[in-house]
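Structure file run.pdb (PDB, C-alpha atoms) follows.
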```
ATOM      1  CA  MET G   6       0.000   0.000   0.000
ATOM      2  CA  THR G   7       1.045   3.536  -0.592
ATOM      3  CA  PRO G   8       0.852   6.257   2.022
ATOM      4  CA  THR G   9      -2.501   7.830   2.643
ATOM      5  CA  GLU G  10      -3.140  11.089   0.810
ATOM      6  CA  GLN G  11      -5.395  13.645   2.410
ATOM      7  CA  ALA G  12      -6.728  17.135   2.142
ATOM      8  CA  ASP G  13      -6.947  19.525   5.044
ATOM      9  CA  PRO G  14     -10.034  19.249   7.263
ATOM     10  CA  PRO G  15     -12.925  19.990   7.327
ATOM     11  CA  HIS G  16     -13.221  18.710   3.757
ATOM     12  CA  TYR G  17     -11.282  15.535   4.317
ATOM     13  CA  LEU G  18     -10.630  12.758   1.817
ATOM     14  CA  SER G  19      -8.086   9.993   2.131
ATOM     15  CA  ALA G  20      -7.055   7.459  -0.473
ATOM     16  CA  GLU G  21      -5.249   4.139  -0.158
ATOM     17  CA  HIS G  22      -4.000   2.212  -3.155
ATOM     18  CA  HIS G  23      -3.238  -1.442  -3.667
ATOM     19  CA  VAL G  24      -3.165  -3.810  -6.621
ATOM     20  CA  ILE G  25      -5.188  -7.013  -6.852
ATOM     21  CA  GLY G  26      -4.661  -9.169  -9.928
ATOM     22  CA  GLY G  27      -3.307  -6.250 -11.947
ATOM     23  CA  VAL G  28      -6.220  -3.955 -11.019
ATOM     24  CA  ARG G  29      -5.568  -0.795  -9.025
ATOM     25  CA  VAL G  30      -8.017  -0.688  -6.119
ATOM     26  CA  VAL G  31      -8.401   2.794  -4.658
ATOM     27  CA  THR G  32     -10.135   2.898  -1.286
ATOM     28  CA  LEU G  33     -11.547   6.355  -0.572
ATOM     29  CA  ARG G  34     -12.726   7.670   2.790
ATOM     30  CA  GLY G  35     -14.468  10.938   3.578
ATOM     31  CA  GLU G  36     -16.238  13.510   1.424
ATOM     32  CA  ILE G  37     -15.735  14.249  -2.268
ATOM     33  CA  ASP G  38     -16.308  17.883  -3.145
ATOM     34  CA  HIS G  39     -14.584  20.825  -4.843
ATOM     35  CA  ASP G  40     -12.017  21.212  -2.066
ATOM     36  CA  VAL G  41     -10.617  17.679  -2.478
ATOM     37  CA  GLN G  42     -10.933  17.141  -6.216
ATOM     38  CA  GLY G  43      -7.140  17.237  -6.596
ATOM     39  CA  VAL G  44      -6.784  14.395  -4.093
ATOM     40  CA  LEU G  45      -9.392  12.334  -5.963
ATOM     41  CA  ARG G  46      -7.871  13.050  -9.369
ATOM     42  CA  GLY G  47      -4.426  12.109  -8.100
ATOM     43  CA  ALA G  48      -5.701   8.939  -6.456
ATOM     44  CA  LEU G  49      -7.421   7.703  -9.598
ATOM     45  CA  LEU G  50      -5.276   8.966 -12.444
ATOM     46  CA  ASN G  51      -1.840  10.281 -11.596
ATOM     47  CA  GLN G  52       0.192   7.383 -10.270
ATOM     48  CA  GLY G  53       3.613   7.625 -11.860
ATOM     49  CA  GLY G  54       2.330   9.730 -14.752
ATOM     50  CA  ALA G  55       0.622   6.866 -16.571
ATOM     51  CA  VAL G  56      -3.128   6.315 -16.597
ATOM     52  CA  PRO G  57      -3.881   2.890 -15.117
ATOM     53  CA  GLU G  58      -5.809   0.601 -17.437
ATOM     54  CA  ARG G  59      -8.083  -0.913 -14.798
ATOM     55  CA  ILE G  60      -9.343   0.762 -11.634
ATOM     56  CA  VAL G  61     -11.841  -0.154  -8.943
ATOM     57  CA  ALA G  62     -12.841   2.833  -6.810
ATOM     58  CA  ASP G  63     -14.080   1.620  -3.429
ATOM     59  CA  LEU G  64     -16.556   4.271  -2.245
ATOM     60  CA  SER G  65     -17.915   2.330   0.727
ATOM     61  CA  GLU G  66     -16.477   4.913   3.157
ATOM     62  CA  VAL G  67     -17.417   8.008   1.121
ATOM     63  CA  THR G  68     -20.210   9.887   2.863
ATOM     64  CA  PHE G  69     -20.812  12.667   0.320
ATOM     65  CA  MET G  70     -20.076  13.413  -3.335
ATOM     66  CA  ASP G  71     -20.953  16.437  -5.451
ATOM     67  CA  SER G  72     -20.482  17.290  -9.125
ATOM     68  CA  SER G  73     -16.717  17.645  -8.639
ATOM     69  CA  GLY G  74     -16.515  13.910  -8.033
ATOM     70  CA  VAL G  75     -18.838  13.196 -10.944
ATOM     71  CA  ASN G  76     -16.578  15.177 -13.280
ATOM     72  CA  ILE G  77     -13.493  13.290 -12.154
ATOM     73  CA  PHE G  78     -15.183   9.911 -12.626
ATOM     74  CA  VAL G  79     -16.209  10.979 -16.149
ATOM     75  CA  THR G  80     -12.602  11.967 -16.887
ATOM     76  CA  ALA G  81     -11.302   8.707 -15.396
ATOM     77  CA  HIS G  82     -13.739   6.760 -17.577
ATOM     78  CA  GLN G  83     -12.601   8.616 -20.696
ATOM     79  CA  GLN G  84      -8.902   8.161 -19.957
ATOM     80  CA  THR G  85      -9.097   4.499 -18.986
ATOM     81  CA  THR G  86     -11.256   3.742 -22.039
ATOM     82  CA  GLN G  87      -8.679   5.428 -24.278
ATOM     83  CA  ALA G  88      -6.065   3.144 -22.677
ATOM     84  CA  ALA G  89      -8.274   0.100 -23.545
ATOM     85  CA  GLY G  90      -9.215  -0.303 -19.882
ATOM     86  CA  TRP G  91     -12.037   0.514 -17.485
ATOM     87  CA  ILE G  92     -13.012   2.020 -14.160
ATOM     88  CA  ARG G  93     -15.587   0.461 -11.855
ATOM     89  CA  ILE G  94     -17.189   1.780  -8.683
ATOM     90  CA  ALA G  95     -17.723  -0.440  -5.659
ATOM     91  CA  GLY G  96     -19.731  -0.093  -2.475
ATOM     92  CA  ALA G  97     -21.266   3.353  -2.996
ATOM     93  CA  ARG G  98     -23.559   4.326  -0.121
ATOM     94  CA  PRO G  99     -27.157   5.296  -0.999
ATOM     95  CA  ALA G 100     -26.506   9.076  -1.057
ATOM     96  CA  VAL G 101     -23.477   8.676  -3.334
ATOM     97  CA  ARG G 102     -25.214   6.044  -5.480
ATOM     98  CA  SER G 103     -28.082   8.498  -5.955
ATOM     99  CA  VAL G 104     -25.673  11.127  -7.324
ATOM    100  CA  LEU G 105     -24.234   8.538  -9.728
ATOM    101  CA  GLN G 106     -27.729   7.589 -10.894
ATOM    102  CA  VAL G 107     -29.138  11.116 -11.224
ATOM    103  CA  THR G 108     -26.142  12.236 -13.281
ATOM    104  CA  GLY G 109     -26.126   9.080 -15.413
ATOM    105  CA  VAL G 110     -22.579   8.099 -14.478
ATOM    106  CA  ASP G 111     -23.840   4.617 -13.616
ATOM    107  CA  THR G 112     -24.829   4.126 -17.276
ATOM    108  CA  PHE G 113     -21.199   4.066 -18.439
ATOM    109  CA  VAL G 114     -19.219   3.316 -15.254
ATOM    110  CA  SER G 115     -20.371   0.017 -13.818
ATOM    111  CA  CYS G 116     -21.335   0.151 -10.155
ATOM    112  CA  HIS G 117     -21.052  -2.889  -7.884
ATOM    113  CA  LEU G 118     -21.973  -3.739  -4.314
ATOM    114  CA  SER G 119     -18.424  -4.679  -3.288
ATOM    115  CA  VAL G 120     -14.818  -4.596  -4.425
ATOM    116  CA  GLU G 121     -14.903  -8.361  -4.855
ATOM    117  CA  GLU G 122     -17.914  -8.107  -7.153
ATOM    118  CA  ALA G 123     -16.281  -5.308  -9.160
ATOM    119  CA  LEU G 124     -13.087  -7.317  -9.580
ATOM    120  CA  GLY G 125     -15.040 -10.356 -10.752
ATOM    121  CA  ALA G 126     -17.241  -8.511 -13.264
TER     122      ALA G 126
END
```
Produce structure tokens that represent the structure in this file.
Amino acid sequence: MTPTEQADPPHYLSAEHHVIGGVRVVTLRGEIDHDVQGVLRGALLNQGGAVPERIVADLSEVTFMDSSGVNIFVTAHQQTTQAAGWIRIAGARPAVRSVLQVTGVDTFVSCHLSVEEALGA
């Protein structure tokens, strides 16, 4: 695992990274809003300068997400697709899942109940 990245409170987001079967799993904790979009972007896309081909974003500990997070997931989808890969979302809580549904992100980024399910899809 890599060190935890975080933004300054009160808008706190941390990210932990590990690789399972060649897939980068990014576990996020906290709130996703404008103040932490750089942390989210870095966690998903900027590891070593190369866009990872396959990503599972574990949102099970994310308590809030606004349009800033939506925009970054759209960008991550576009970049991973261009690299012949994908991004999947796992474990989104009801409030976050609602944002994904209302914005239509769930129509092109597959959403799963757990990391295990996302890895096996």
Leu18 (chain G) surroundings by all atoms listed in the file, 12 Å radius, close-in-sequence under 5 positions cut, as JSON, numbers by chain: {"G": [9, 10, 11, 12, 13, 32, 33, 34, 35, 36, 37, 38, 39, 40, 41, 42, 43, 44, 45, 46, 47, 48, 64, 66, 67, 68, 69, 70, 74]}
Residues selected by the PyMOL selection byres ((chain G and resi 111-123) around 6), written as an NGL selection string: :G and (93-96 or 105-106 or 109-110 or 124-126)
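Note that CA of Ala89 (chain G) and CA of Ser73 (chain G) are 24.5 Å apart.
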I'd like the contact shell of Ala81 (chain G) - 8 Å cut-off, all atoms listed in the file, skipping same-chain residues fewer than 4 positions apart - returned as an mmCIF file with C-alpha atoms, in the frame of the given file.
```cif
data_model
loop_
_atom_site.group_PDB
_atom_site.id
_atom_site.type_symbol
_atom_site.label_atom_id
_atom_site.label_comp_id
_atom_site.auth_asym_id
_atom_site.auth_seq_id
_atom_site.Cartn_x
_atom_site.Cartn_y
_atom_site.Cartn_z
ATOM 1 C CA LEU G 49 -7.421 7.703 -9.598
ATOM 2 C CA LEU G 50 -5.276 8.966 -12.444
ATOM 3 C CA ILE G 77 -13.493 13.290 -12.154
ATOM 4 C CA THR G 85 -9.097 4.499 -18.986
ATOM 5 C CA ILE G 92 -13.012 2.020 -14.160
#
```
Point-to-point distance from CA of Glu21 (chain G) to CA of Arg59 (chain G), Å rounded to tenths: 15.7 Å
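The gap separating CA of Val61 (chain G) from CA of Ala97 (chain G) is 11.7 Å, in Å to one decimal.
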Rebuild N, CA, C and O atoms on region 23-38 of chain G, as an mmCIF file, in the frame of the given file?
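Resulting contents of rebuild.cif:
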```cif
data_model
loop_
_atom_site.group_PDB
_atom_site.id
_atom_site.type_symbol
_atom_site.label_atom_id
_atom_site.label_comp_id
_atom_site.auth_asym_id
_atom_site.auth_seq_id
_atom_site.Cartn_x
_atom_site.Cartn_y
_atom_site.Cartn_z
ATOM 1 N N HIS G 23 -3.902 -0.158 -3.594
ATOM 2 C CA HIS G 23 -3.238 -1.442 -3.667
ATOM 3 C C HIS G 23 -3.640 -2.114 -4.975
ATOM 4 O O HIS G 23 -4.573 -1.670 -5.655
ATOM 5 N N VAL G 24 -2.924 -3.130 -5.360
ATOM 6 C CA VAL G 24 -3.165 -3.810 -6.621
ATOM 7 C C VAL G 24 -3.596 -5.235 -6.333
ATOM 8 O O VAL G 24 -2.955 -5.945 -5.553
ATOM 9 N N ILE G 25 -4.686 -5.647 -6.959
ATOM 10 C CA ILE G 25 -5.188 -7.013 -6.852
ATOM 11 C C ILE G 25 -5.331 -7.549 -8.269
ATOM 12 O O ILE G 25 -6.123 -7.020 -9.051
ATOM 13 N N GLY G 26 -4.561 -8.557 -8.606
ATOM 14 C CA GLY G 26 -4.661 -9.169 -9.928
ATOM 15 C C GLY G 26 -4.465 -8.188 -11.072
ATOM 16 O O GLY G 26 -5.143 -8.282 -12.089
ATOM 17 N N GLY G 27 -3.575 -7.229 -10.906
ATOM 18 C CA GLY G 27 -3.307 -6.250 -11.947
ATOM 19 C C GLY G 27 -4.284 -5.084 -11.996
ATOM 20 O O GLY G 27 -4.189 -4.230 -12.867
ATOM 21 N N VAL G 28 -5.233 -5.037 -11.077
ATOM 22 C CA VAL G 28 -6.220 -3.955 -11.019
ATOM 23 C C VAL G 28 -5.864 -3.039 -9.853
ATOM 24 O O VAL G 28 -5.658 -3.508 -8.732
ATOM 25 N N ARG G 29 -5.798 -1.738 -10.115
ATOM 26 C CA ARG G 29 -5.568 -0.795 -9.025
ATOM 27 C C ARG G 29 -6.873 -0.612 -8.272
ATOM 28 O O ARG G 29 -7.882 -0.193 -8.839
ATOM 29 N N VAL G 30 -6.859 -0.909 -6.983
ATOM 30 C CA VAL G 30 -8.017 -0.688 -6.119
ATOM 31 C C VAL G 30 -7.703 0.540 -5.278
ATOM 32 O O VAL G 30 -6.695 0.591 -4.578
ATOM 33 N N VAL G 31 -8.574 1.547 -5.390
ATOM 34 C CA VAL G 31 -8.401 2.794 -4.658
ATOM 35 C C VAL G 31 -9.523 2.879 -3.628
ATOM 36 O O VAL G 31 -10.700 2.962 -3.992
ATOM 37 N N THR G 32 -9.159 2.808 -2.368
ATOM 38 C CA THR G 32 -10.135 2.898 -1.286
ATOM 39 C C THR G 32 -10.179 4.346 -0.811
ATOM 40 O O THR G 32 -9.163 4.891 -0.378
ATOM 41 N N LEU G 33 -11.358 4.945 -0.924
ATOM 42 C CA LEU G 33 -11.547 6.355 -0.572
ATOM 43 C C LEU G 33 -12.366 6.460 0.701
ATOM 44 O O LEU G 33 -13.312 5.686 0.901
ATOM 45 N N ARG G 34 -12.008 7.433 1.538
ATOM 46 C CA ARG G 34 -12.726 7.670 2.790
ATOM 47 C C ARG G 34 -12.938 9.158 2.967
ATOM 48 O O ARG G 34 -12.006 9.938 2.824
ATOM 49 N N GLY G 35 -14.172 9.538 3.298
ATOM 50 C CA GLY G 35 -14.468 10.938 3.578
ATOM 51 C C GLY G 35 -15.483 11.509 2.614
ATOM 52 O O GLY G 35 -16.403 10.817 2.180
ATOM 53 N N GLU G 36 -15.311 12.791 2.294
ATOM 54 C CA GLU G 36 -16.238 13.510 1.424
ATOM 55 C C GLU G 36 -15.533 13.920 0.139
ATOM 56 O O GLU G 36 -14.371 14.323 0.161
ATOM 57 N N ILE G 37 -16.270 13.829 -0.974
ATOM 58 C CA ILE G 37 -15.735 14.249 -2.268
ATOM 59 C C ILE G 37 -16.476 15.506 -2.696
ATOM 60 O O ILE G 37 -17.671 15.455 -2.990
ATOM 61 N N ASP G 38 -15.741 16.618 -2.704
ATOM 62 C CA ASP G 38 -16.308 17.883 -3.145
ATOM 63 C C ASP G 38 -15.207 18.699 -3.809
ATOM 64 O O ASP G 38 -14.098 18.206 -4.031
#
```
